[in-house]
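To start, the structure under review is shown below, and the notes come after it.
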Amino acid sequence: ASRSPNMRMETMFSKAAGSGVARTDPPGSVPAMHHLAVALAALAPAVDIERVTTGPLGGNEGTYTELLVSSDDGRRAIFETYEAMTPDDVNPAFDFYARAGSETTLQTRFRGSPPTYHERFSGASADARRIVFDATGRWTPDDADSGSDVYTAADGVVERISLGPGTGNHPDFEAFAAGMSRDGRRVLFETAENLTADDTDYRRTDVFLRAGGTTVKLSAGNDLFDATHVGHSADARVVVYETGERLTPDDSDDRSDLYLRSVAGTVKVTPGN
């Protein structure tokens, strides 16, 4: 006699459960699918669930909280919240915290005047020990304006990144984070302020790199065009940006193109003209 589809399905699951014998469960008995689920549950490793968004001062207020990123090994997490999780959080805006093991630490402890409510997370190193963000307000003693600047934070120490020989304190220009290398040592950002000697245009956005205490302009050209970051390699040594300026001999149109900047120079990567 032919078997029903359900009975055939139960036979397959009985085999999958490792019985080695094709078994058909009689009507009214516990289906083989249930036996399989129990067997698989027994084989599954135990899962520990731990709350990340907590700290010495709480974690139970009904306020905005969001997980931003975790380290590659999953042992360290970065989150942001309006709630003060630690005693050293006296900032009226939301802050970035790190959670590792059972310890919560404030990452964005400011050293200047109190910031306003604009803070934007941009990225983190692979081990989540260094983050990059942009924010208004004066977060460091060397910041003399109140516009948006780019900062990194590691172990509660905040460092301003959007600066150069041109200081980075012009009140009419802001800077915004564009990314970070996986090791956290190279930070990309955008600003229209002239931070380097080779930046001679006016009020045009360029892409900059900050590494080893030095700021380098990556976007070539000084005509009346903005350049904006599009992407970068894991080590931030290869950067792609977009601009309408003609930067290479093979660019003969008036349209925006993508350019790749590396140690070899600047190359147009979008085909056609």
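Order determines the names: the first chain of the structure tokens is A, the second B, and so forth; residues in each chain are numbered 1 upward, and ligands are numbered 1 upward as they are shown.
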Val158 of chain A surroundings by only C-alpha atoms, 10 Å radius, close-in-sequence under 5 positions cut, as a ChimeraX atom specification: /A:107-111,130-132,139-140,151-153
Members of segment 35-177 of chain A assigned strand (DSSP E or B) by DSSP, as number ranges by chain: A: 55, 58, 65-70, 76-81, 95-100, 103-106, 119-124, 131-135, 149-154, 157-160, 175-177
Leu163 of chain A: which residues within 12 Å, counting only C-alpha atoms, same-chain residues fewer than 6 positions away excluded, as a PDB file with N, CA, C and O atoms, in the first residue's frame?
```
ATOM      1  N   THR A 140      38.408  68.792  22.089  1.00  0.00           N
ATOM      2  CA  THR A 140      39.812  68.742  22.494  1.00  0.00           C
ATOM      3  C   THR A 140      40.333  70.167  22.702  1.00  0.00           C
ATOM      4  O   THR A 140      39.806  71.120  22.111  1.00  0.00           O
ATOM      5  N   ASP A 142      42.810  71.648  21.452  1.00  0.00           N
ATOM      6  CA  ASP A 142      43.328  72.285  20.238  1.00  0.00           C
ATOM      7  C   ASP A 142      42.230  72.655  19.254  1.00  0.00           C
ATOM      8  O   ASP A 142      42.512  73.135  18.160  1.00  0.00           O
ATOM      9  N   ASP A 143      40.974  72.469  19.628  1.00  0.00           N
ATOM     10  CA  ASP A 143      39.846  72.799  18.751  1.00  0.00           C
ATOM     11  C   ASP A 143      39.292  74.159  19.162  1.00  0.00           C
ATOM     12  O   ASP A 143      38.730  74.306  20.251  1.00  0.00           O
ATOM     13  N   ALA A 144      39.433  75.134  18.275  1.00  0.00           N
ATOM     14  CA  ALA A 144      39.034  76.503  18.617  1.00  0.00           C
ATOM     15  C   ALA A 144      37.715  76.929  17.993  1.00  0.00           C
ATOM     16  O   ALA A 144      37.238  78.038  18.260  1.00  0.00           O
ATOM     17  N   ASP A 145      37.118  76.083  17.136  1.00  0.00           N
ATOM     18  CA  ASP A 145      35.821  76.437  16.572  1.00  0.00           C
ATOM     19  C   ASP A 145      34.758  75.491  17.111  1.00  0.00           C
ATOM     20  O   ASP A 145      35.059  74.534  17.809  1.00  0.00           O
ATOM     21  N   SER A 148      31.677  71.174  13.016  1.00  0.00           N
ATOM     22  CA  SER A 148      31.933  69.741  13.023  1.00  0.00           C
ATOM     23  C   SER A 148      33.395  69.445  12.719  1.00  0.00           C
ATOM     24  O   SER A 148      33.971  69.978  11.774  1.00  0.00           O
ATOM     25  N   ASP A 149      33.990  68.604  13.540  1.00  0.00           N
ATOM     26  CA  ASP A 149      35.342  68.107  13.319  1.00  0.00           C
ATOM     27  C   ASP A 149      35.341  66.590  13.399  1.00  0.00           C
ATOM     28  O   ASP A 149      34.384  65.975  13.867  1.00  0.00           O
ATOM     29  N   VAL A 150      36.448  66.002  12.952  1.00  0.00           N
ATOM     30  CA  VAL A 150      36.593  64.550  12.970  1.00  0.00           C
ATOM     31  C   VAL A 150      37.513  64.163  14.118  1.00  0.00           C
ATOM     32  O   VAL A 150      38.568  64.769  14.317  1.00  0.00           O
ATOM     33  N   TYR A 151      37.097  63.134  14.857  1.00  0.00           N
ATOM     34  CA  TYR A 151      37.847  62.696  16.024  1.00  0.00           C
ATOM     35  C   TYR A 151      37.984  61.174  16.015  1.00  0.00           C
ATOM     36  O   TYR A 151      37.168  60.461  15.431  1.00  0.00           O
ATOM     37  N   ASN A 169      40.800  75.124  12.124  1.00  0.00           N
ATOM     38  CA  ASN A 169      39.940  75.855  13.064  1.00  0.00           C
ATOM     39  C   ASN A 169      39.190  77.015  12.413  1.00  0.00           C
ATOM     40  O   ASN A 169      38.733  77.916  13.118  1.00  0.00           O
ATOM     41  N   HIS A 170      39.069  76.996  11.103  1.00  0.00           N
ATOM     42  CA  HIS A 170      38.319  78.060  10.448  1.00  0.00           C
ATOM     43  C   HIS A 170      36.840  77.922  10.789  1.00  0.00           C
ATOM     44  O   HIS A 170      36.244  76.851  10.626  1.00  0.00           O
ATOM     45  N   PHE A 173      34.176  76.405   8.040  1.00  0.00           N
ATOM     46  CA  PHE A 173      34.311  75.090   7.406  1.00  0.00           C
ATOM     47  C   PHE A 173      34.146  73.979   8.428  1.00  0.00           C
ATOM     48  O   PHE A 173      34.599  74.100   9.570  1.00  0.00           O
ATOM     49  N   GLU A 174      33.505  72.923   7.983  1.00  0.00           N
ATOM     50  CA  GLU A 174      33.325  71.754   8.827  1.00  0.00           C
ATOM     51  C   GLU A 174      34.015  70.555   8.189  1.00  0.00           C
ATOM     52  O   GLU A 174      34.306  70.548   6.997  1.00  0.00           O
ATOM     53  N   ALA A 175      34.257  69.537   8.978  1.00  0.00           N
ATOM     54  CA  ALA A 175      34.896  68.312   8.495  1.00  0.00           C
ATOM     55  C   ALA A 175      34.048  67.112   8.902  1.00  0.00           C
ATOM     56  O   ALA A 175      33.427  67.109   9.971  1.00  0.00           O
ATOM     57  N   PHE A 176      34.047  66.097   8.046  1.00  0.00           N
ATOM     58  CA  PHE A 176      33.229  64.918   8.288  1.00  0.00           C
ATOM     59  C   PHE A 176      34.044  63.652   8.031  1.00  0.00           C
ATOM     60  O   PHE A 176      34.799  63.578   7.062  1.00  0.00           O
ATOM     61  N   VAL A 187      43.015  57.402   8.990  1.00  0.00           N
ATOM     62  CA  VAL A 187      41.652  57.929   9.030  1.00  0.00           C
ATOM     63  C   VAL A 187      41.424  58.835   7.831  1.00  0.00           C
ATOM     64  O   VAL A 187      42.255  59.699   7.512  1.00  0.00           O
ATOM     65  N   LEU A 188      40.307  58.663   7.170  1.00  0.00           N
ATOM     66  CA  LEU A 188      39.926  59.465   6.007  1.00  0.00           C
ATOM     67  C   LEU A 188      38.816  60.427   6.406  1.00  0.00           C
ATOM     68  O   LEU A 188      37.909  60.072   7.169  1.00  0.00           O
ATOM     69  N   PHE A 189      38.888  61.640   5.863  1.00  0.00           N
ATOM     70  CA  PHE A 189      37.836  62.613   6.145  1.00  0.00           C
ATOM     71  C   PHE A 189      37.723  63.609   5.005  1.00  0.00           C
ATOM     72  O   PHE A 189      38.592  63.682   4.130  1.00  0.00           O
ATOM     73  N   GLU A 190      36.639  64.381   5.021  1.00  0.00           N
ATOM     74  CA  GLU A 190      36.376  65.385   3.998  1.00  0.00           C
ATOM     75  C   GLU A 190      36.221  66.757   4.644  1.00  0.00           C
ATOM     76  O   GLU A 190      35.628  66.872   5.718  1.00  0.00           O
ATOM     77  N   THR A 191      36.724  67.759   3.972  1.00  0.00           N
ATOM     78  CA  THR A 191      36.502  69.141   4.400  1.00  0.00           C
ATOM     79  C   THR A 191      36.825  70.082   3.243  1.00  0.00           C
ATOM     80  O   THR A 191      37.608  69.742   2.350  1.00  0.00           O
ATOM     81  N   ALA A 192      36.206  71.261   3.282  1.00  0.00           N
ATOM     82  CA  ALA A 192      36.506  72.294   2.286  1.00  0.00           C
ATOM     83  C   ALA A 192      37.593  73.242   2.782  1.00  0.00           C
ATOM     84  O   ALA A 192      38.039  74.118   2.036  1.00  0.00           O
ATOM     85  N   GLU A 193      38.019  73.055   4.023  1.00  0.00           N
ATOM     86  CA  GLU A 193      39.073  73.916   4.556  1.00  0.00           C
ATOM     87  C   GLU A 193      40.430  73.516   3.969  1.00  0.00           C
ATOM     88  O   GLU A 193      40.710  72.329   3.792  1.00  0.00           O
ATOM     89  N   ASN A 194      41.260  74.508   3.699  1.00  0.00           N
ATOM     90  CA  ASN A 194      42.589  74.248   3.153  1.00  0.00           C
ATOM     91  C   ASN A 194      43.536  73.849   4.293  1.00  0.00           C
ATOM     92  O   ASN A 194      44.070  74.699   5.004  1.00  0.00           O
ATOM     93  N   LEU A 195      43.771  72.553   4.413  1.00  0.00           N
ATOM     94  CA  LEU A 195      44.579  72.048   5.521  1.00  0.00           C
ATOM     95  C   LEU A 195      46.033  71.786   5.139  1.00  0.00           C
ATOM     96  O   LEU A 195      46.882  71.652   6.019  1.00  0.00           O
ATOM     97  N   THR A 196      46.306  71.702   3.854  1.00  0.00           N
ATOM     98  CA  THR A 196      47.664  71.420   3.393  1.00  0.00           C
ATOM     99  C   THR A 196      48.093  72.461   2.367  1.00  0.00           C
ATOM    100  O   THR A 196      47.255  73.121   1.740  1.00  0.00           O
ATOM    101  N   PHE A 208      40.925  63.913   2.570  1.00  0.00           N
ATOM    102  CA  PHE A 208      42.210  63.952   3.272  1.00  0.00           C
ATOM    103  C   PHE A 208      42.452  62.649   4.027  1.00  0.00           C
ATOM    104  O   PHE A 208      41.519  61.935   4.391  1.00  0.00           O
ATOM    105  N   LEU A 209      43.721  62.389   4.281  1.00  0.00           N
ATOM    106  CA  LEU A 209      44.142  61.253   5.083  1.00  0.00           C
ATOM    107  C   LEU A 209      44.945  61.761   6.272  1.00  0.00           C
ATOM    108  O   LEU A 209      45.822  62.624   6.117  1.00  0.00           O
ATOM    109  N   ARG A 210      44.645  61.225   7.455  1.00  0.00           N
ATOM    110  CA  ARG A 210      45.428  61.531   8.644  1.00  0.00           C
ATOM    111  C   ARG A 210      46.063  60.230   9.136  1.00  0.00           C
ATOM    112  O   ARG A 210      45.378  59.255   9.459  1.00  0.00           O
ATOM    113  N   ALA A 211      47.389  60.201   9.178  1.00  0.00           N
ATOM    114  CA  ALA A 211      48.110  59.009   9.619  1.00  0.00           C
ATOM    115  C   ALA A 211      49.451  59.422  10.200  1.00  0.00           C
ATOM    116  O   ALA A 211      50.163  60.246   9.608  1.00  0.00           O
ATOM    117  N   GLY A 213      50.204  61.325  12.604  1.00  0.00           N
ATOM    118  CA  GLY A 213      50.304  62.732  12.951  1.00  0.00           C
ATOM    119  C   GLY A 213      50.458  63.662  11.765  1.00  0.00           C
ATOM    120  O   GLY A 213      50.712  64.854  11.942  1.00  0.00           O
ATOM    121  N   THR A 214      50.278  63.149  10.557  1.00  0.00           N
ATOM    122  CA  THR A 214      50.431  63.952   9.339  1.00  0.00           C
ATOM    123  C   THR A 214      49.151  63.910   8.515  1.00  0.00           C
ATOM    124  O   THR A 214      48.509  62.861   8.396  1.00  0.00           O
ATOM    125  N   THR A 215      48.772  65.049   7.952  1.00  0.00           N
ATOM    126  CA  THR A 215      47.591  65.145   7.091  1.00  0.00           C
ATOM    127  C   THR A 215      48.031  65.280   5.643  1.00  0.00           C
ATOM    128  O   THR A 215      48.878  66.119   5.319  1.00  0.00           O
ATOM    129  N   VAL A 216      47.435  64.462   4.770  1.00  0.00           N
ATOM    130  CA  VAL A 216      47.765  64.453   3.340  1.00  0.00           C
ATOM    131  C   VAL A 216      46.487  64.635   2.543  1.00  0.00           C
ATOM    132  O   VAL A 216      45.470  63.987   2.818  1.00  0.00           O
ATOM    133  N   LYS A 217      46.518  65.499   1.566  1.00  0.00           N
ATOM    134  CA  LYS A 217      45.390  65.680   0.646  1.00  0.00           C
ATOM    135  C   LYS A 217      45.460  64.582  -0.400  1.00  0.00           C
ATOM    136  O   LYS A 217      46.451  64.447  -1.114  1.00  0.00           O
TER     137      LYS A 217
END
```
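Relative to atom CA of Gly179 of chain A, atom CA of Asp206 of chain A is found at 14.2 Å.
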